[in-house]
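S.K.: Sharing a structure here in structure tokens format.
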Amino acid sequence: MTLATGFRCDDCRTRIPLRTLATLCPDCGGLLEVEYDLDRAHLPAGSGSGMWRWRELLPLPADAEPVTLGEGDTPLLPVPGLARRLGIPGLLVKNDALMPTGSFKDRGFALAVSFARSLGLERGFTYSSGNAGASFAAYAARAGLAATYW
Ligand SMILES: [Zn+2]
């Protein structure tokens, strides 16, 4: 189940169905944001692990199988020295170096590649030779998609 109902353009407010391959608004080129039916939300998180506990808040069609490498559930670590220095008692830092490819970008690519597979895409592209490229390559390989990056 997902609470995502589709996408909406930040600029002209055009609405686009959830099962659409679009990165920008087809009418004006504006950025798209996910729309939700939050009246149906059941927070706190549901069952499952990692980021997929929040699946109903992710824009992935309900019948789509997530592509996962076990991302999420990284620890929050106390950083007392930094907390004192910044004057923020109880400050915690999330250690996303423990993600499958060592990057927080794994959450985004887990979702993006899951979405691409749900649309029946067979290949993908990202503009990165750094950790985004590595993350995309890992998730594309898990999904059986051909990956290209620059
Ligand atoms: Zn628009």
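In the structure tokens, chains take letters A, B, ... by order of appearance, with residues numbered from 1 within each chain and ligands from 1 in the order shown.
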Please identify the strand (DSSP E) residues within region 66-118 of chain A (assignment by DSSP from backbone atoms) and present them as a JSON list (two decimals) with N, CA, C and O atoms, in the first residue's frame.

M.R.:
[["chain", "number", "residue", "atom", "x", "y", "z"],
["A", 76, "LEU", "N", 21.89, 5.73, 15.23],
["A", 76, "LEU", "CA", 22.09, 7.11, 15.66],
["A", 76, "LEU", "C", 23.13, 7.07, 16.78],
["A", 76, "LEU", "O", 22.95, 6.35, 17.77],
["A", 77, "LEU", "N", 24.19, 7.83, 16.60],
["A", 77, "LEU", "CA", 25.29, 7.80, 17.56],
["A", 77, "LEU", "C", 25.38, 9.11, 18.33],
["A", 77, "LEU", "O", 25.32, 10.19, 17.73],
["A", 78, "PRO", "N", 25.56, 9.02, 19.66],
["A", 78, "PRO", "CA", 25.77, 10.24, 20.42],
["A", 78, "PRO", "C", 27.13, 10.85, 20.08],
["A", 78, "PRO", "O", 28.09, 10.11, 19.85],
["A", 92, "LEU", "N", 22.59, 13.72, 18.15],
["A", 92, "LEU", "CA", 22.90, 12.40, 17.59],
["A", 92, "LEU", "C", 23.25, 12.55, 16.12],
["A", 92, "LEU", "O", 22.73, 13.43, 15.44],
["A", 93, "VAL", "N", 24.11, 11.66, 15.63],
["A", 93, "VAL", "CA", 24.50, 11.66, 14.21],
["A", 93, "VAL", "C", 24.15, 10.30, 13.63],
["A", 93, "VAL", "O", 24.46, 9.26, 14.23],
["A", 94, "LYS", "N", 23.51, 10.29, 12.49],
["A", 94, "LYS", "CA", 23.13, 9.02, 11.84],
["A", 94, "LYS", "C", 24.32, 8.51, 11.05],
["A", 94, "LYS", "O", 24.89, 9.23, 10.22]]

S.K.: Ligand 1: which residues are within 9 Å, counting only C-alpha atoms and all ligand atoms? Reply as a VMD selection string.

M.R.: chain A and resid 8 to 15 24 to 32

S.K.: Using only C-alpha atoms, determine which residues lie at most 7 Å from region 47-55 of chain A, disregarding the query and same-chain residues fewer than 3 positions distant; provide the list as a ChimeraX atom specification.

M.R.: /A:2,58,70-73

S.K.: Could you write out the selected residues, including all heavy atoms, as a CSV table (one decimal), in the first residue's frame?

M.R.:
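Final output, again.csv:
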chain,number,residue,atom,x,y,z
A,2,THR,N,0.4,2.2,-0.7
A,2,THR,CA,1.1,3.5,-0.6
A,2,THR,C,0.1,4.6,-0.4
A,2,THR,O,-1.0,4.5,-0.9
A,2,THR,CB,2.0,3.8,-1.9
A,2,THR,OG1,2.6,5.1,-1.7
A,2,THR,CG2,1.1,3.8,-3.2
A,58,LEU,N,6.1,6.1,0.7
A,58,LEU,CA,7.0,6.2,-0.4
A,58,LEU,C,6.1,6.1,-1.7
A,58,LEU,O,5.2,5.4,-1.8
A,58,LEU,CB,8.0,5.0,-0.4
A,58,LEU,CG,8.9,5.1,0.8
A,58,LEU,CD1,9.7,3.8,0.9
A,58,LEU,CD2,9.8,6.3,0.8
A,70,GLY,N,19.0,-4.2,1.8
A,70,GLY,CA,19.1,-4.1,3.2
A,70,GLY,C,19.4,-2.7,3.8
A,70,GLY,O,19.9,-2.6,4.9
A,71,GLU,N,19.0,-1.7,3.0
A,71,GLU,CA,19.3,-0.3,3.4
A,71,GLU,C,18.5,0.1,4.6
A,71,GLU,O,17.4,-0.4,4.8
A,71,GLU,CB,19.1,0.6,2.2
A,71,GLU,CG,17.7,0.5,1.6
A,71,GLU,CD,17.4,-0.8,0.8
A,71,GLU,OE1,18.3,-1.4,0.3
A,71,GLU,OE2,16.2,-1.2,0.8
A,72,GLY,N,19.0,1.1,5.3
A,72,GLY,CA,18.2,1.6,6.4
A,72,GLY,C,18.6,1.0,7.7
A,72,GLY,O,19.6,0.2,7.8
A,73,ASP,N,17.9,1.4,8.8
A,73,ASP,CA,18.2,0.9,10.1
A,73,ASP,C,19.7,1.2,10.6
A,73,ASP,O,20.2,0.5,11.3
A,73,ASP,CB,17.9,-0.6,10.3
A,73,ASP,CG,16.4,-0.8,10.3
A,73,ASP,OD1,15.7,0.1,10.7
A,73,ASP,OD2,16.0,-2.0,10.0

S.K.: Determine, counting only C-alpha atoms, which protein, DNA and RNA residues have an atom within 7 Å of an atom of Lys105 (chain A); residues of the same chain fewer than 4 positions away are not included. Present the result as a VMD selection string.

M.R.: chain A and resid 109 132 135

S.K.: Generate a file of the selected residues that holds C-alpha atoms, formatted as a PDB file, in the first residue's frame.

M.R.:
ATOM      1  CA  PHE A 109      18.239   4.602  -5.369  1.00  0.00           C
ATOM      2  CA  ALA A 132      25.595   8.087  -6.434  1.00  0.00           C
ATOM      3  CA  SER A 135      24.688   3.208  -5.394  1.00  0.00           C
TER       4      SER A 135
END

S.K.: Taking the DSSP assignment computed from this structure's backbone, write out as JSON, numbers by chain all residues of region 21-102 of chain A that belong to helix (DSSP H, G or I).

M.R.: {"A": [38, 39, 40, 50, 51, 52, 53, 54, 55, 56, 57, 80, 81, 82, 83, 84, 85, 86, 96, 97, 98]}

S.K.: Using CA of Thr23 (chain A) and CA of Arg142 (chain A) as the two end points, give the distance in Å to one decimal.

M.R.: 22.5 Å

S.K.: Could you pull the residues within 12 Å of region 110-123 of chain A, counting only C-alpha atoms, minus those fewer than 3 positions along the same chain, as a compact mmCIF listing (two decimals) with all heavy atoms, in the first residue's frame?

M.R.:
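part-v5.txt written:
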# COMPACT_ATOMS: atom_id res chain seq x y z
N LEU A 18 0.63 8.50 -10.56
CA LEU A 18 1.79 7.87 -9.93
C LEU A 18 2.56 6.99 -10.91
O LEU A 18 3.77 6.99 -10.90
CB LEU A 18 1.34 7.05 -8.72
CG LEU A 18 2.43 6.41 -7.88
CD1 LEU A 18 3.37 7.47 -7.31
CD2 LEU A 18 1.82 5.60 -6.76
N ARG A 19 1.89 6.24 -11.74
CA ARG A 19 2.57 5.34 -12.67
C ARG A 19 2.98 6.06 -13.94
O ARG A 19 2.60 5.68 -15.05
CB ARG A 19 1.67 4.16 -13.02
CG ARG A 19 1.45 3.22 -11.88
CD ARG A 19 0.61 2.05 -12.36
NE ARG A 19 0.28 1.18 -11.28
CZ ARG A 19 1.05 0.16 -10.88
NH1 ARG A 19 2.17 -0.08 -11.49
NH2 ARG A 19 0.67 -0.60 -9.88
N THR A 20 3.75 7.10 -13.81
CA THR A 20 4.20 7.89 -14.95
C THR A 20 5.71 8.03 -14.90
O THR A 20 6.26 8.29 -13.83
CB THR A 20 3.56 9.30 -14.91
OG1 THR A 20 2.15 9.16 -14.87
CG2 THR A 20 3.97 10.12 -16.11
N LEU A 21 6.34 7.86 -16.06
CA LEU A 21 7.78 8.09 -16.15
C LEU A 21 7.99 9.56 -16.49
O LEU A 21 7.83 9.97 -17.64
CB LEU A 21 8.40 7.19 -17.22
CG LEU A 21 9.90 7.38 -17.44
CD1 LEU A 21 10.68 7.15 -16.15
CD2 LEU A 21 10.38 6.46 -18.54
N ALA A 22 8.27 10.36 -15.49
CA ALA A 22 8.49 11.79 -15.69
C ALA A 22 9.43 12.28 -14.61
O ALA A 22 9.28 11.92 -13.45
CB ALA A 22 7.18 12.57 -15.63
N THR A 23 10.41 13.06 -14.98
CA THR A 23 11.29 13.64 -13.99
C THR A 23 11.00 15.13 -13.81
O THR A 23 11.36 15.70 -12.80
CB THR A 23 12.77 13.45 -14.37
OG1 THR A 23 12.98 13.99 -15.68
CG2 THR A 23 13.14 11.99 -14.36
N GLY A 50 14.22 -1.27 7.97
CA GLY A 50 14.85 -0.23 7.18
C GLY A 50 13.85 0.78 6.68
O GLY A 50 12.79 1.00 7.27
N MET A 51 14.17 1.36 5.54
CA MET A 51 13.31 2.41 4.99
C MET A 51 11.94 1.87 4.57
O MET A 51 10.99 2.63 4.45
CB MET A 51 13.98 3.08 3.80
CG MET A 51 14.20 2.17 2.61
SD MET A 51 14.98 3.02 1.24
CE MET A 51 13.52 3.43 0.24
N TRP A 52 11.85 0.56 4.34
CA TRP A 52 10.60 0.00 3.86
C TRP A 52 9.54 -0.08 4.94
O TRP A 52 8.38 -0.34 4.66
CB TRP A 52 10.86 -1.35 3.19
CG TRP A 52 11.77 -1.15 2.02
CD1 TRP A 52 13.09 -1.50 1.94
CD2 TRP A 52 11.47 -0.47 0.80
NE1 TRP A 52 13.62 -1.08 0.75
CE2 TRP A 52 12.65 -0.45 0.02
CE3 TRP A 52 10.33 0.12 0.28
CZ2 TRP A 52 12.70 0.14 -1.24
CZ3 TRP A 52 10.37 0.72 -0.98
CH2 TRP A 52 11.56 0.71 -1.72
N TRP A 54 8.47 2.48 6.13
CA TRP A 54 7.74 3.69 5.78
C TRP A 54 7.15 3.59 4.39
O TRP A 54 6.83 4.58 3.76
CB TRP A 54 8.69 4.89 5.87
CG TRP A 54 9.34 4.97 7.20
CD1 TRP A 54 10.60 4.55 7.53
CD2 TRP A 54 8.77 5.47 8.40
NE1 TRP A 54 10.84 4.75 8.86
CE2 TRP A 54 9.73 5.32 9.42
CE3 TRP A 54 7.53 6.02 8.72
CZ2 TRP A 54 9.48 5.71 10.73
CZ3 TRP A 54 7.30 6.41 10.03
CH2 TRP A 54 8.27 6.25 11.01
N ARG A 55 6.98 2.38 3.90
CA ARG A 55 6.58 2.16 2.53
C ARG A 55 5.32 2.92 2.14
O ARG A 55 5.22 3.44 1.05
CB ARG A 55 6.37 0.67 2.25
CG ARG A 55 5.94 0.49 0.82
CD ARG A 55 5.83 -0.89 0.37
NE ARG A 55 5.28 -0.84 -0.97
CZ ARG A 55 5.53 -1.69 -1.90
NH1 ARG A 55 6.32 -2.70 -1.65
NH2 ARG A 55 4.98 -1.57 -3.08
N LEU A 57 4.48 5.69 2.83
CA LEU A 57 4.79 7.09 2.55
C LEU A 57 5.72 7.24 1.35
O LEU A 57 6.15 8.35 1.03
CB LEU A 57 5.43 7.74 3.78
CG LEU A 57 4.51 7.82 5.00
CD1 LEU A 57 5.26 8.37 6.20
CD2 LEU A 57 3.29 8.68 4.69
N LEU A 58 6.06 6.14 0.72
CA LEU A 58 6.96 6.19 -0.45
C LEU A 58 6.13 6.10 -1.73
O LEU A 58 5.15 5.35 -1.77
CB LEU A 58 7.96 5.05 -0.39
CG LEU A 58 8.88 5.06 0.83
CD1 LEU A 58 9.74 3.80 0.88
CD2 LEU A 58 9.75 6.31 0.83
N PRO A 59 6.51 6.83 -2.77
CA PRO A 59 5.72 6.83 -4.01
C PRO A 59 6.02 5.62 -4.90
O PRO A 59 6.49 5.75 -6.01
CB PRO A 59 6.15 8.14 -4.68
CG PRO A 59 7.56 8.34 -4.21
CD PRO A 59 7.61 7.79 -2.80
N LEU A 60 5.74 4.45 -4.37
CA LEU A 60 5.91 3.21 -5.11
C LEU A 60 4.55 2.53 -5.19
O LEU A 60 3.91 2.31 -4.15
CB LEU A 60 6.92 2.31 -4.40
CG LEU A 60 7.31 1.03 -5.12
CD1 LEU A 60 8.05 1.34 -6.43
CD2 LEU A 60 8.19 0.16 -4.22
N PRO A 61 4.09 2.20 -6.42
CA PRO A 61 2.77 1.56 -6.53
C PRO A 61 2.66 0.35 -5.59
O PRO A 61 3.64 -0.37 -5.36
CB PRO A 61 2.70 1.14 -8.00
CG PRO A 61 3.58 2.14 -8.70
CD PRO A 61 4.71 2.40 -7.73
N ALA A 62 1.47 0.14 -5.06
CA ALA A 62 1.25 -0.88 -4.04
C ALA A 62 1.64 -2.28 -4.49
O ALA A 62 2.09 -3.09 -3.70
CB ALA A 62 -0.21 -0.85 -3.60
N ASP A 63 1.50 -2.57 -5.79
CA ASP A 63 1.81 -3.93 -6.26
C ASP A 63 3.27 -4.07 -6.70
O ASP A 63 3.67 -5.13 -7.18
CB ASP A 63 0.88 -4.31 -7.40
CG ASP A 63 0.99 -3.38 -8.60
OD1 ASP A 63 1.59 -2.30 -8.47
OD2 ASP A 63 0.47 -3.75 -9.67
N ALA A 64 4.08 -3.05 -6.54
CA ALA A 64 5.49 -3.12 -6.94
C ALA A 64 6.33 -3.72 -5.82
O ALA A 64 6.16 -3.38 -4.65
CB ALA A 64 6.00 -1.72 -7.27
N GLU A 65 7.22 -4.61 -6.20
CA GLU A 65 8.12 -5.24 -5.24
C GLU A 65 9.33 -4.33 -5.02
O GLU A 65 10.01 -3.95 -5.98
CB GLU A 65 8.58 -6.59 -5.79
CG GLU A 65 9.41 -7.41 -4.85
CD GLU A 65 8.61 -7.94 -3.66
OE1 GLU A 65 7.38 -8.12 -3.80
OE2 GLU A 65 9.22 -8.15 -2.62
N PRO A 66 9.64 -3.98 -3.77
CA PRO A 66 10.82 -3.14 -3.54
C PRO A 66 12.11 -3.86 -3.92
O PRO A 66 12.24 -5.06 -3.73
CB PRO A 66 10.80 -2.89 -2.03
CG PRO A 66 9.41 -3.17 -1.60
CD PRO A 66 8.89 -4.23 -2.54
N VAL A 67 13.04 -3.10 -4.46
CA VAL A 67 14.40 -3.58 -4.72
C VAL A 67 15.22 -3.18 -3.50
O VAL A 67 15.32 -2.00 -3.19
CB VAL A 67 14.99 -2.94 -6.00
CG1 VAL A 67 16.45 -3.36 -6.18
CG2 VAL A 67 14.15 -3.32 -7.21
N THR A 68 15.75 -4.16 -2.81
CA THR A 68 16.43 -3.85 -1.55
C THR A 68 17.76 -4.59 -1.43
O THR A 68 17.91 -5.71 -1.92
CB THR A 68 15.52 -4.16 -0.34
OG1 THR A 68 16.23 -3.82 0.85
CG2 THR A 68 15.09 -5.61 -0.31
N LEU A 69 18.69 -3.92 -0.81
CA LEU A 69 19.97 -4.51 -0.43
C LEU A 69 20.14 -4.44 1.10
O LEU A 69 21.25 -4.53 1.60
CB LEU A 69 21.13 -3.78 -1.13
CG LEU A 69 21.18 -3.91 -2.65
CD1 LEU A 69 22.20 -2.94 -3.24
CD2 LEU A 69 21.53 -5.34 -3.04
N GLY A 70 19.04 -4.21 1.79
CA GLY A 70 19.08 -4.13 3.25
C GLY A 70 19.39 -2.73 3.76
O GLY A 70 19.89 -2.57 4.87
N GLU A 71 19.05 -1.71 2.98
CA GLU A 71 19.32 -0.33 3.37
C GLU A 71 18.47 0.10 4.55
O GLU A 71 17.38 -0.43 4.78
CB GLU A 71 19.08 0.61 2.17
CG GLU A 71 17.68 0.54 1.61
CD GLU A 71 17.38 -0.75 0.84
OE1 GLU A 71 18.32 -1.36 0.30
OE2 GLU A 71 16.21 -1.15 0.82
N GLY A 72 18.98 1.06 5.28
CA GLY A 72 18.25 1.61 6.41
C GLY A 72 18.65 0.99 7.73
O GLY A 72 19.58 0.17 7.79
N MET A 99 25.39 1.88 5.31
CA MET A 99 24.47 1.51 4.22
C MET A 99 25.17 0.54 3.27
O MET A 99 26.40 0.46 3.26
CB MET A 99 24.02 2.76 3.48
CG MET A 99 23.17 3.70 4.33
SD MET A 99 21.53 3.06 4.66
CE MET A 99 20.70 3.65 3.20
N PRO A 100 24.42 -0.19 2.43
CA PRO A 100 25.03 -1.22 1.57
C PRO A 100 26.21 -0.73 0.72
O PRO A 100 27.18 -1.46 0.55
CB PRO A 100 23.87 -1.70 0.70
CG PRO A 100 22.68 -1.48 1.56
CD PRO A 100 22.96 -0.21 2.33
N THR A 101 26.14 0.48 0.18
CA THR A 101 27.27 0.99 -0.60
C THR A 101 28.02 2.08 0.16
O THR A 101 28.87 2.76 -0.41
CB THR A 101 26.85 1.52 -1.99
OG1 THR A 101 26.14 2.76 -1.84
CG2 THR A 101 26.01 0.51 -2.75
N SER A 103 26.68 4.83 1.49
CA SER A 103 26.17 6.16 1.21
C SER A 103 24.69 6.27 1.54
O SER A 103 23.92 5.34 1.30
CB SER A 103 26.38 6.48 -0.27
OG SER A 103 25.68 7.66 -0.63
N PHE A 104 24.30 7.45 2.03
CA PHE A 104 22.87 7.72 2.25
C PHE A 104 22.08 7.66 0.95
O PHE A 104 20.86 7.51 0.96
CB PHE A 104 22.67 9.10 2.92
CG PHE A 104 22.96 10.26 2.00
CD1 PHE A 104 21.92 10.87 1.31
CD2 PHE A 104 24.23 10.73 1.82
CE1 PHE A 104 22.16 11.94 0.47
CE2 PHE A 104 24.49 11.79 0.96
CZ PHE A 104 23.46 12.40 0.28
N LYS A 105 22.76 7.74 -0.17
CA LYS A 105 22.08 7.73 -1.47
C LYS A 105 21.42 6.39 -1.76
O LYS A 105 20.58 6.29 -2.66
CB LYS A 105 23.06 8.12 -2.57
CG LYS A 105 23.48 9.57 -2.39
CD LYS A 105 24.44 10.06 -3.41
CE LYS A 105 24.76 11.52 -3.08
NZ LYS A 105 25.69 12.11 -4.01
N ASP A 106 21.76 5.36 -1.00
CA ASP A 106 21.12 4.05 -1.19
C ASP A 106 19.61 4.12 -0.97
O ASP A 106 18.86 3.41 -1.64
CB ASP A 106 21.73 3.01 -0.25
CG ASP A 106 23.15 2.64 -0.65
OD1 ASP A 106 23.61 3.06 -1.74
OD2 ASP A 106 23.81 1.93 0.14
N ARG A 107 19.16 4.95 -0.05
CA ARG A 107 17.70 5.05 0.17
C ARG A 107 17.02 5.55 -1.10
O ARG A 107 16.01 4.99 -1.55
CB ARG A 107 17.39 5.99 1.33
CG ARG A 107 17.72 5.43 2.67
CD ARG A 107 17.23 6.35 3.78
NE ARG A 107 17.67 5.88 5.07
CZ ARG A 107 18.85 6.17 5.60
NH1 ARG A 107 19.68 6.98 4.98
NH2 ARG A 107 19.20 5.67 6.76
N THR A 126 22.54 7.57 -14.59
CA THR A 126 22.70 8.65 -13.63
C THR A 126 23.99 9.38 -13.93
O THR A 126 24.92 8.81 -14.50
CB THR A 126 22.69 8.15 -12.17
OG1 THR A 126 22.63 9.27 -11.30
CG2 THR A 126 23.92 7.33 -11.84
N ALA A 132 26.91 8.27 -5.80
CA ALA A 132 25.59 8.09 -6.43
C ALA A 132 25.69 7.05 -7.54
O ALA A 132 24.81 6.20 -7.69
CB ALA A 132 25.06 9.40 -6.98
N SER A 135 25.97 3.63 -5.95
CA SER A 135 24.69 3.21 -5.39
C SER A 135 23.73 2.79 -6.51
O SER A 135 23.11 1.72 -6.44
CB SER A 135 24.09 4.36 -4.58
OG SER A 135 22.85 3.97 -4.04
N PHE A 136 23.65 3.60 -7.55
CA PHE A 136 22.77 3.26 -8.67
C PHE A 136 23.18 1.92 -9.29
O PHE A 136 22.33 1.06 -9.56
CB PHE A 136 22.80 4.36 -9.72
CG PHE A 136 22.06 4.02 -10.97
CD1 PHE A 136 20.71 3.71 -10.94
CD2 PHE A 136 22.71 3.97 -12.19
CE1 PHE A 136 20.02 3.37 -12.09
CE2 PHE A 136 22.04 3.63 -13.34
CZ PHE A 136 20.69 3.33 -13.29
N ALA A 137 24.48 1.72 -9.50
CA ALA A 137 24.95 0.47 -10.10
C ALA A 137 24.56 -0.73 -9.24
O ALA A 137 24.14 -1.77 -9.77
CB ALA A 137 26.46 0.53 -10.29
N ALA A 138 24.69 -0.59 -7.94
CA ALA A 138 24.37 -1.71 -7.04
C ALA A 138 22.89 -2.05 -7.10
O ALA A 138 22.51 -3.23 -7.21
CB ALA A 138 24.78 -1.36 -5.61
N TYR A 139 22.03 -1.04 -7.03
CA TYR A 139 20.59 -1.30 -7.05
C TYR A 139 20.11 -1.74 -8.43
O TYR A 139 19.22 -2.60 -8.53
CB TYR A 139 19.81 -0.09 -6.51
CG TYR A 139 19.91 -0.04 -5.02
CD1 TYR A 139 20.95 0.64 -4.40
CD2 TYR A 139 19.02 -0.75 -4.24
CE1 TYR A 139 21.08 0.63 -3.03
CE2 TYR A 139 19.14 -0.77 -2.86
CZ TYR A 139 20.18 -0.08 -2.26
OH TYR A 139 20.32 -0.11 -0.90
N ALA A 140 20.69 -1.20 -9.47
CA ALA A 140 20.33 -1.64 -10.82
C ALA A 140 20.71 -3.11 -11.00
O ALA A 140 19.94 -3.89 -11.57
CB ALA A 140 21.00 -0.76 -11.87
N ALA A 141 21.89 -3.49 -10.53
CA ALA A 141 22.31 -4.88 -10.63
C ALA A 141 21.35 -5.79 -9.88
O ALA A 141 20.95 -6.85 -10.38
CB ALA A 141 23.73 -5.05 -10.10
N ARG A 142 20.92 -5.37 -8.68
CA ARG A 142 19.99 -6.18 -7.91
C ARG A 142 18.66 -6.35 -8.65
O ARG A 142 18.04 -7.40 -8.62
CB ARG A 142 19.75 -5.55 -6.53
CG ARG A 142 18.69 -6.23 -5.68
CD ARG A 142 18.93 -7.72 -5.47
NE ARG A 142 20.14 -8.05 -4.79
CZ ARG A 142 20.26 -8.39 -3.54
NH1 ARG A 142 19.19 -8.45 -2.77
NH2 ARG A 142 21.43 -8.68 -3.03
N ALA A 143 18.26 -5.30 -9.38
CA ALA A 143 16.98 -5.33 -10.09
C ALA A 143 17.09 -5.96 -11.47
O ALA A 143 16.07 -6.17 -12.12
CB ALA A 143 16.43 -3.90 -10.22
N GLY A 144 18.30 -6.21 -11.95
CA GLY A 144 18.48 -6.75 -13.29
C GLY A 144 18.38 -5.69 -14.37
O GLY A 144 18.11 -6.01 -15.53
N LEU A 145 18.60 -4.43 -14.01
CA LEU A 145 18.57 -3.35 -14.99
C LEU A 145 20.00 -3.06 -15.47
O LEU A 145 20.95 -3.17 -14.69
CB LEU A 145 18.03 -2.06 -14.37
CG LEU A 145 16.64 -2.08 -13.76
CD1 LEU A 145 16.30 -0.70 -13.19
CD2 LEU A 145 15.60 -2.49 -14.78
N ALA A 146 20.14 -2.67 -16.72
CA ALA A 146 21.42 -2.20 -17.21
C ALA A 146 21.65 -0.79 -16.68
O ALA A 146 20.74 0.04 -16.71
CB ALA A 146 21.44 -2.20 -18.73
N ALA A 147 22.83 -0.51 -16.19
CA ALA A 147 23.12 0.81 -15.59
C ALA A 147 24.23 1.50 -16.36
O ALA A 147 25.22 0.88 -16.73
CB ALA A 147 23.54 0.65 -14.14
N THR A 148 24.04 2.78 -16.60
CA THR A 148 25.07 3.61 -17.22
C THR A 148 25.23 4.84 -16.34
O THR A 148 24.24 5.38 -15.84
CB THR A 148 24.64 4.04 -18.62
OG1 THR A 148 24.41 2.88 -19.41
CG2 THR A 148 25.72 4.90 -19.29
N TYR A 149 26.45 5.27 -16.13
CA TYR A 149 26.66 6.52 -15.40
C TYR A 149 27.89 7.23 -15.96
O TYR A 149 28.77 6.61 -16.52
CB TYR A 149 26.79 6.29 -13.89
CG TYR A 149 27.87 5.34 -13.49
CD1 TYR A 149 29.14 5.80 -13.16
CD2 TYR A 149 27.63 3.97 -13.43
CE1 TYR A 149 30.14 4.91 -12.77
CE2 TYR A 149 28.61 3.07 -13.07
CZ TYR A 149 29.86 3.55 -12.73
OH TYR A 149 30.83 2.68 -12.37

S.K.: Would you mind reading off the distance between CA of Gly6 (chain A) and CA of Asp96 (chain A), one decimal, in Å?

M.R.: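 Taking CA of Gly6 (chain A) and CA of Asp96 (chain A), their separation equals 28.8 Å.
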
S.K.: For a test of reading the model, state the distance in Å between CA of Tyr36 (chain A) and CA of Phe7 (chain A), rounded to one decimal.

M.R.: 8.8 Å
